[in-house]
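Trainee: Once you've had a glance at the structure underneath, I'll fire off some questions.
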Amino acid sequence: MELTLYGLNEAGEPAFAEKLGPELRDRLREFALEHLARHHAVEVWEGPTCVLRLRRAAAHRQA
């Protein structure tokens, strides 16, 4: 099945999408972490199934 990486904004909406080749299957986490630097969250989907979900750590707010 086809893999798709989504970069999500802070509202959880897709802001970026990229089809991934089968050669990246063994490096999904590494590849997704690279994209996490540019997006609030990253998900990789294989057809209708989410196979990887990464989110940035929540920033601590000061009162």
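Going by the structure tokens order, chains are called A, B, ..., each with residues numbered from 1, while ligands are numbered from 1 in the order shown.
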Determine which residues of segment 1-39 of chain A receive a DSSP assignment of alpha helix (DSSP H), computed from the backbone, and state them as JSON, numbers by chain.

Mentor: {"A": [28, 29, 30, 31, 32, 33, 34, 35, 36]}

Trainee: Could you save those same residues with C-alpha atoms as a PDB file, in the first residue's frame?

Mentor:
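What ended up in result35.pdb:
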ATOM      1  CA  LEU A  28       9.845   6.273   8.529  1.00  0.00           C
ATOM      2  CA  ARG A  29      10.557   7.611  12.028  1.00  0.00           C
ATOM      3  CA  GLU A  30      13.804   9.292  10.956  1.00  0.00           C
ATOM      4  CA  PHE A  31      12.145  10.859   7.903  1.00  0.00           C
ATOM      5  CA  ALA A  32       9.131  12.015   9.942  1.00  0.00           C
ATOM      6  CA  LEU A  33      11.377  13.584  12.597  1.00  0.00           C
ATOM      7  CA  GLU A  34      13.006  15.710   9.891  1.00  0.00           C
ATOM      8  CA  HIS A  35       9.559  17.051   8.951  1.00  0.00           C
ATOM      9  CA  LEU A  36       8.591  17.626  12.589  1.00  0.00           C
TER      10      LEU A  36
END

Trainee: Residues at most 12 Å from Pro14 of chain A, counting only C-alpha atoms, excluding those fewer than 4 positions away in the same chain, as a PyMOL selection string?

Mentor: chain A and resi 4-10+18+39-44

Trainee: How far is it from atom CA of Ala15 of chain A to atom CA of Arg27 of chain A, in Å with one decimal?

Mentor: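 Atom-to-atom, atom CA of Ala15 of chain A to atom CA of Arg27 of chain A, that is 22.0 Å.
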
Trainee: So which residues touch Trp45 of chain A within 10 Å, counting only C-alpha atoms, skipping near sequence neighbours fewer than 6 positions away, as a ChimeraX atom specification?

Mentor: /A:1-6,19-20,51-53

Trainee: May I ask for the distance between atom CA of Ala37 of chain A and atom CA of Thr49 of chain A, given in Å to one decimal place?

Mentor: 23.4 Å

Trainee: Please report the interatomic distance between atom CA of Gly21 of chain A and atom CA of Ala57 of chain A in Å with one decimal.

Mentor: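 Pair atom CA of Gly21 of chain A / atom CA of Ala57 of chain A returns 28.0 Å.
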
Trainee: Which of chain A counts as strand (DSSP E or B) under DSSP, as a ChimeraX atom specification please?

Mentor: /A:3-8,14-20,41-46,49-55

Trainee: Those same residues, written as a JSON list (two decimals), in the first residue's frame with N, CA and C atoms?

Mentor:
[["chain", "number", "residue", "atom", "x", "y", "z"],
["A", 3, "LEU", "N", 2.27, 4.87, 1.07],
["A", 3, "LEU", "CA", 2.51, 5.64, 2.28],
["A", 3, "LEU", "C", 2.40, 7.12, 1.98],
["A", 4, "THR", "N", 1.74, 7.86, 2.88],
["A", 4, "THR", "CA", 1.62, 9.31, 2.74],
["A", 4, "THR", "C", 2.00, 9.96, 4.06],
["A", 5, "LEU", "N", 2.89, 10.95, 3.99],
["A", 5, "LEU", "CA", 3.29, 11.72, 5.16],
["A", 5, "LEU", "C", 2.50, 13.03, 5.15],
["A", 6, "TYR", "N", 1.91, 13.36, 6.29],
["A", 6, "TYR", "CA", 1.18, 14.62, 6.45],
["A", 6, "TYR", "C", 1.87, 15.45, 7.51],
["A", 7, "GLY", "N", 2.10, 16.73, 7.22],
["A", 7, "GLY", "CA", 2.55, 17.70, 8.21],
["A", 7, "GLY", "C", 1.31, 18.46, 8.67],
["A", 8, "LEU", "N", 1.06, 18.49, 9.97],
["A", 8, "LEU", "CA", -0.15, 19.10, 10.53],
["A", 8, "LEU", "C", 0.17, 20.42, 11.22],
["A", 14, "PRO", "N", -4.13, 19.25, 8.00],
["A", 14, "PRO", "CA", -3.00, 19.04, 7.09],
["A", 14, "PRO", "C", -2.52, 20.34, 6.46],
["A", 15, "ALA", "N", -1.23, 20.59, 6.55],
["A", 15, "ALA", "CA", -0.62, 21.76, 5.94],
["A", 15, "ALA", "C", 0.36, 21.33, 4.85],
["A", 16, "PHE", "N", 0.65, 20.03, 4.79],
["A", 16, "PHE", "CA", 1.64, 19.50, 3.86],
["A", 16, "PHE", "C", 1.35, 18.02, 3.67],
["A", 17, "ALA", "N", 1.54, 17.51, 2.48],
["A", 17, "ALA", "CA", 1.40, 16.07, 2.22],
["A", 17, "ALA", "C", 2.44, 15.65, 1.20],
["A", 18, "GLU", "N", 2.96, 14.45, 1.39],
["A", 18, "GLU", "CA", 3.97, 13.92, 0.47],
["A", 18, "GLU", "C", 3.81, 12.41, 0.39],
["A", 19, "LYS", "N", 3.77, 11.89, -0.82],
["A", 19, "LYS", "CA", 3.77, 10.44, -1.04],
["A", 19, "LYS", "C", 5.19, 9.94, -0.80],
["A", 20, "LEU", "N", 5.30, 8.82, -0.11],
["A", 20, "LEU", "CA", 6.61, 8.25, 0.21],
["A", 20, "LEU", "C", 6.83, 6.97, -0.58],
["A", 41, "ALA", "N", 2.87, 18.68, 14.03],
["A", 41, "ALA", "CA", 2.76, 17.23, 14.15],
["A", 41, "ALA", "C", 2.96, 16.62, 12.78],
["A", 42, "VAL", "N", 3.33, 15.34, 12.78],
["A", 42, "VAL", "CA", 3.53, 14.61, 11.54],
["A", 42, "VAL", "C", 2.86, 13.25, 11.68],
["A", 43, "GLU", "N", 2.15, 12.85, 10.65],
["A", 43, "GLU", "CA", 1.54, 11.52, 10.61],
["A", 43, "GLU", "C", 1.93, 10.84, 9.30],
["A", 44, "VAL", "N", 2.14, 9.53, 9.38],
["A", 44, "VAL", "CA", 2.36, 8.73, 8.18],
["A", 44, "VAL", "C", 1.23, 7.72, 8.11],
["A", 45, "TRP", "N", 0.57, 7.70, 6.96],
["A", 45, "TRP", "CA", -0.57, 6.82, 6.74],
["A", 45, "TRP", "C", -0.23, 5.80, 5.66],
["A", 46, "GLU", "N", -0.66, 4.58, 5.88],
["A", 46, "GLU", "CA", -0.58, 3.52, 4.88],
["A", 46, "GLU", "C", -2.01, 3.20, 4.50],
["A", 49, "THR", "N", -4.81, 3.58, 7.29],
["A", 49, "THR", "CA", -4.29, 3.32, 8.64],
["A", 49, "THR", "C", -3.11, 4.24, 8.96],
["A", 50, "CYS", "N", -3.19, 4.91, 10.10],
["A", 50, "CYS", "CA", -2.08, 5.73, 10.58],
["A", 50, "CYS", "C", -1.04, 4.79, 11.19],
["A", 51, "VAL", "N", 0.17, 4.80, 10.64],
["A", 51, "VAL", "CA", 1.22, 3.90, 11.11],
["A", 51, "VAL", "C", 2.27, 4.61, 11.96],
["A", 52, "LEU", "N", 2.26, 5.95, 11.95],
["A", 52, "LEU", "CA", 3.21, 6.71, 12.76],
["A", 52, "LEU", "C", 2.64, 8.09, 13.02],
["A", 53, "ARG", "N", 2.71, 8.53, 14.28],
["A", 53, "ARG", "CA", 2.24, 9.87, 14.65],
["A", 53, "ARG", "C", 3.25, 10.48, 15.61],
["A", 54, "LEU", "N", 3.78, 11.63, 15.25],
["A", 54, "LEU", "CA", 4.73, 12.36, 16.10],
["A", 54, "LEU", "C", 4.21, 13.77, 16.32],
["A", 55, "ARG", "N", 4.38, 14.28, 17.53],
["A", 55, "ARG", "CA", 3.99, 15.66, 17.85],
["A", 55, "ARG", "C", 5.14, 16.32, 18.58]]
